[in-house]
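Student: Provided below: input.pdb, containing PDB, N, CA and C atoms.
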ATOM      1  N   MET A   1     111.891 125.247 151.341
ATOM      2  CA  MET A   1     111.225 125.633 150.102
ATOM      3  C   MET A   1     109.959 124.796 149.942
ATOM      4  N   THR A   2     108.865 125.426 149.619
ATOM      5  CA  THR A   2     107.597 124.714 149.478
ATOM      6  C   THR A   2     107.296 124.483 148.012
ATOM      7  N   ASP A   3     106.611 123.408 147.752
ATOM      8  CA  ASP A   3     106.206 123.052 146.395
ATOM      9  C   ASP A   3     104.928 123.803 146.059
ATOM     10  N   SER A   4     104.926 124.533 144.933
ATOM     11  CA  SER A   4     103.754 125.330 144.580
ATOM     12  C   SER A   4     102.665 124.513 143.892
ATOM     13  N   SER A   5     102.977 123.272 143.484
ATOM     14  CA  SER A   5     101.956 122.453 142.828
ATOM     15  C   SER A   5     101.016 121.864 143.873
ATOM     16  N   ASN A   6      99.837 121.531 143.438
ATOM     17  CA  ASN A   6      98.860 120.910 144.332
ATOM     18  C   ASN A   6      99.221 119.445 144.517
ATOM     19  N   GLU A   7      99.495 119.047 145.745
ATOM     20  CA  GLU A   7      99.812 117.660 146.008
ATOM     21  C   GLU A   7      98.557 116.817 145.838
ATOM     22  N   GLY A   8      98.728 115.662 145.208
ATOM     23  CA  GLY A   8      97.593 114.788 144.990
ATOM     24  C   GLY A   8      96.854 115.059 143.696
ATOM     25  N   THR A   9      97.134 116.172 143.052
ATOM     26  CA  THR A   9      96.498 116.501 141.785
ATOM     27  C   THR A   9      97.498 116.238 140.656
ATOM     28  N   PRO A  10      97.155 115.344 139.705
ATOM     29  CA  PRO A  10      98.096 115.056 138.617
ATOM     30  C   PRO A  10      98.250 116.270 137.697
ATOM     31  N   PRO A  11      99.371 116.360 137.020
ATOM     32  CA  PRO A  11      99.560 117.449 136.055
ATOM     33  C   PRO A  11      98.471 117.422 134.981
ATOM     34  N   ILE A  12      98.270 118.535 134.343
ATOM     35  CA  ILE A  12      97.203 118.671 133.342
ATOM     36  C   ILE A  12      97.339 117.647 132.222
ATOM     37  N   TYR A  13      98.578 117.308 131.839
ATOM     38  CA  TYR A  13      98.765 116.346 130.758
ATOM     39  C   TYR A  13      98.159 114.996 131.128
ATOM     40  N   GLU A  14      98.361 114.558 132.361
ATOM     41  CA  GLU A  14      97.794 113.277 132.783
ATOM     42  C   GLU A  14      96.269 113.314 132.745
ATOM     43  N   ASP A  15      95.687 114.442 133.112
ATOM     44  CA  ASP A  15      94.231 114.585 133.035
ATOM     45  C   ASP A  15      93.758 114.492 131.585
ATOM     46  N   LEU A  16      94.452 115.160 130.698
ATOM     47  CA  LEU A  16      94.070 115.129 129.283
ATOM     48  C   LEU A  16      94.220 113.738 128.689
ATOM     49  N   VAL A  17      95.290 113.039 129.047
ATOM     50  CA  VAL A  17      95.483 111.675 128.554
ATOM     51  C   VAL A  17      94.334 110.790 129.024
ATOM     52  N   ARG A  18      93.952 110.949 130.256
ATOM     53  CA  ARG A  18      92.860 110.148 130.805
ATOM     54  C   ARG A  18      91.542 110.463 130.089
ATOM     55  N   GLU A  19      91.311 111.722 129.761
ATOM     56  CA  GLU A  19      90.050 112.128 129.136
ATOM     57  C   GLU A  19      90.016 111.875 127.636
ATOM     58  N   ARG A  20      91.125 112.150 126.968
ATOM     59  CA  ARG A  20      91.127 112.139 125.502
ATOM     60  C   ARG A  20      92.030 111.094 124.871
ATOM     61  N   GLY A  21      92.822 110.383 125.654
ATOM     62  CA  GLY A  21      93.784 109.435 125.121
ATOM     63  C   GLY A  21      95.132 110.111 124.908
ATOM     64  N   ASP A  22      96.151 109.310 124.719
ATOM     65  CA  ASP A  22      97.510 109.836 124.563
ATOM     66  C   ASP A  22      97.765 110.136 123.088
ATOM     67  N   VAL A  23      97.451 111.346 122.679
ATOM     68  CA  VAL A  23      97.563 111.754 121.281
ATOM     69  C   VAL A  23      99.011 111.697 120.802
ATOM     70  N   VAL A  24      99.941 112.065 121.656
ATOM     71  CA  VAL A  24     101.356 112.047 121.278
ATOM     72  C   VAL A  24     101.802 110.612 120.969
ATOM     73  N   ALA A  25     101.463 109.678 121.820
ATOM     74  CA  ALA A  25     101.834 108.280 121.586
ATOM     75  C   ALA A  25     101.135 107.730 120.339
ATOM     76  N   ASP A  26      99.870 108.099 120.147
ATOM     77  CA  ASP A  26      99.138 107.657 118.953
ATOM     78  C   ASP A  26      99.776 108.196 117.681
ATOM     79  N   ALA A  27     100.188 109.461 117.707
ATOM     80  CA  ALA A  27     100.839 110.062 116.537
ATOM     81  C   ALA A  27     102.175 109.391 116.260
ATOM     82  N   GLN A  28     102.912 109.079 117.308
ATOM     83  CA  GLN A  28     104.197 108.407 117.129
ATOM     84  C   GLN A  28     103.994 107.019 116.514
ATOM     85  N   ALA A  29     103.017 106.284 116.998
ATOM     86  CA  ALA A  29     102.734 104.960 116.458
ATOM     87  C   ALA A  29     102.298 105.046 114.995
ATOM     88  N   ALA A  30     101.478 106.031 114.654
ATOM     89  CA  ALA A  30     101.038 106.211 113.269
ATOM     90  C   ALA A  30     102.221 106.565 112.367
ATOM     91  N   ALA A  31     103.125 107.397 112.858
ATOM     92  CA  ALA A  31     104.313 107.766 112.076
ATOM     93  C   ALA A  31     105.212 106.551 111.845
ATOM     94  N   GLU A  32     105.383 105.722 112.869
ATOM     95  CA  GLU A  32     106.193 104.511 112.717
ATOM     96  C   GLU A  32     105.560 103.547 111.707
ATOM     97  N   GLN A  33     104.244 103.415 111.770
ATOM     98  CA  GLN A  33     103.550 102.533 110.834
ATOM     99  C   GLN A  33     103.677 103.064 109.403
ATOM    100  N   ALA A  34     103.526 104.363 109.221
ATOM    101  CA  ALA A  34     103.662 104.959 107.889
ATOM    102  C   ALA A  34     105.082 104.779 107.354
ATOM    103  N   GLN A  35     106.071 104.935 108.217
ATOM    104  CA  GLN A  35     107.467 104.750 107.803
ATOM    105  C   GLN A  35     107.699 103.303 107.369
ATOM    106  N   TYR A  36     107.159 102.364 108.128
ATOM    107  CA  TYR A  36     107.307 100.956 107.788
ATOM    108  C   TYR A  36     106.625 100.646 106.449
ATOM    109  N   GLN A  37     105.400 101.148 106.272
ATOM    110  CA  GLN A  37     104.680 100.889 105.026
ATOM    111  C   GLN A  37     105.392 101.507 103.837
ATOM    112  N   ALA A  38     105.914 102.711 103.992
ATOM    113  CA  ALA A  38     106.643 103.357 102.905
ATOM    114  C   ALA A  38     107.886 102.554 102.539
ATOM    115  N   ALA A  39     108.600 102.067 103.551
ATOM    116  CA  ALA A  39     109.796 101.265 103.290
ATOM    117  C   ALA A  39     109.423  99.977 102.561
ATOM    118  N   GLN A  40     108.303  99.360 102.937
ATOM    119  CA  GLN A  40     107.861  98.145 102.257
ATOM    120  C   GLN A  40     107.519  98.424 100.799
ATOM    121  N   LEU A  41     106.819  99.517 100.543
ATOM    122  CA  LEU A  41     106.442  99.863  99.175
ATOM    123  C   LEU A  41     107.651 100.212  98.315
ATOM    124  N   LEU A  42     108.673 100.780  98.928
ATOM    125  CA  LEU A  42     109.882 101.153  98.196
ATOM    126  C   LEU A  42     110.879 100.003  98.103
ATOM    127  N   GLY A  43     110.562  98.882  98.727
ATOM    128  CA  GLY A  43     111.421  97.711  98.633
ATOM    129  C   GLY A  43     112.618  97.748  99.556
ATOM    130  N   SER A  44     112.557  98.515 100.604
ATOM    131  CA  SER A  44     113.641  98.552 101.578
ATOM    132  C   SER A  44     113.051  98.361 102.966
ATOM    133  N   HIS A  45     113.912  98.274 103.939
ATOM    134  CA  HIS A  45     113.469  98.114 105.326
ATOM    135  C   HIS A  45     113.943  99.312 106.129
ATOM    136  N   PRO A  46     113.126  99.771 107.061
ATOM    137  CA  PRO A  46     113.622 100.805 107.969
ATOM    138  C   PRO A  46     114.872 100.292 108.667
ATOM    139  N   LEU A  47     115.815 101.157 108.891
ATOM    140  CA  LEU A  47     117.095 100.749 109.448
ATOM    141  C   LEU A  47     116.981 100.071 110.799
ATOM    142  N   ASP A  48     116.038 100.489 111.614
ATOM    143  CA  ASP A  48     115.962  99.965 112.979
ATOM    144  C   ASP A  48     114.806  98.992 113.194
ATOM    145  N   GLN A  49     114.147  98.529 112.127
ATOM    146  CA  GLN A  49     112.999  97.639 112.306
ATOM    147  C   GLN A  49     113.032  96.532 111.264
ATOM    148  N   ARG A  50     112.756  95.313 111.727
ATOM    149  CA  ARG A  50     112.610  94.186 110.827
ATOM    150  C   ARG A  50     111.152  93.741 110.723
ATOM    151  N   HIS A  51     110.332  94.161 111.675
ATOM    152  CA  HIS A  51     108.915  93.792 111.717
ATOM    153  C   HIS A  51     108.072  95.056 111.809
ATOM    154  N   PRO A  52     106.812  94.962 111.430
ATOM    155  CA  PRO A  52     105.942  96.143 111.542
ATOM    156  C   PRO A  52     105.877  96.653 112.980
ATOM    157  N   PRO A  53     105.698  97.935 113.163
ATOM    158  CA  PRO A  53     105.553  98.486 114.510
ATOM    159  C   PRO A  53     104.406  97.798 115.240
ATOM    160  N   GLY A  54     104.612  97.551 116.501
ATOM    161  CA  GLY A  54     103.586  96.934 117.313
ATOM    162  C   GLY A  54     103.609  95.428 117.279
ATOM    163  N   VAL A  55     104.568  94.828 116.562
ATOM    164  CA  VAL A  55     104.647  93.368 116.497
ATOM    165  C   VAL A  55     105.748  92.895 117.406
TER     166      VAL A  55
END
Starting from the coordinates I provided, produce the structure as structure tokens.

Tutor:
Amino acid sequence: MTDSSNEGTPPIYEDLVRERGDVVADAQAAAEQAQYQAAQLLGSHPLDQRHPPGV
């Protein structure tokens, strides 16, 4: 069985990440930061975090 993908050519997602940045990872980080800030403002802590995201 032969592979129909082009060998040596990265998938389109890798090309887009290289050109435009990893939007999915950036969105996830922004969502985590917003969740942390909301928990701080409401006087509680996110269940799985004791420190701000990225610390």

Student: Between atom CA of A:Val24 and atom C of A:Ile12, what distance in Å does the model show, to one decimal?

Tutor: 12.9 Å

Student: Could you check how far atom CA of A:Ala25 sits from atom C of A:Tyr13, in Å to one decimal?

Tutor: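 Between atom CA of A:Ala25 and atom C of A:Tyr13 the gap works out to 12.2 Å.
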
Student: Could you work out how far atom CA of A:Val17 lies from atom C of A:Ala31, giving the answer in Å with one decimal?

Tutor: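 Atom CA of A:Val17 lies at a distance of 20.0 Å from atom C of A:Ala31.
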
Student: Can you sort out the box for stretch 28-34 of chain A, edges along x, y and z, all listed atoms in, 5 Å on every side, with centre and edge lengths in Å to one decimal, as JSON?

Tutor:
{"center_x": 103.6, "center_y": 105.8, "center_z": 112.3, "size_x": 15.2, "size_y": 16.5, "size_z": 20.0}
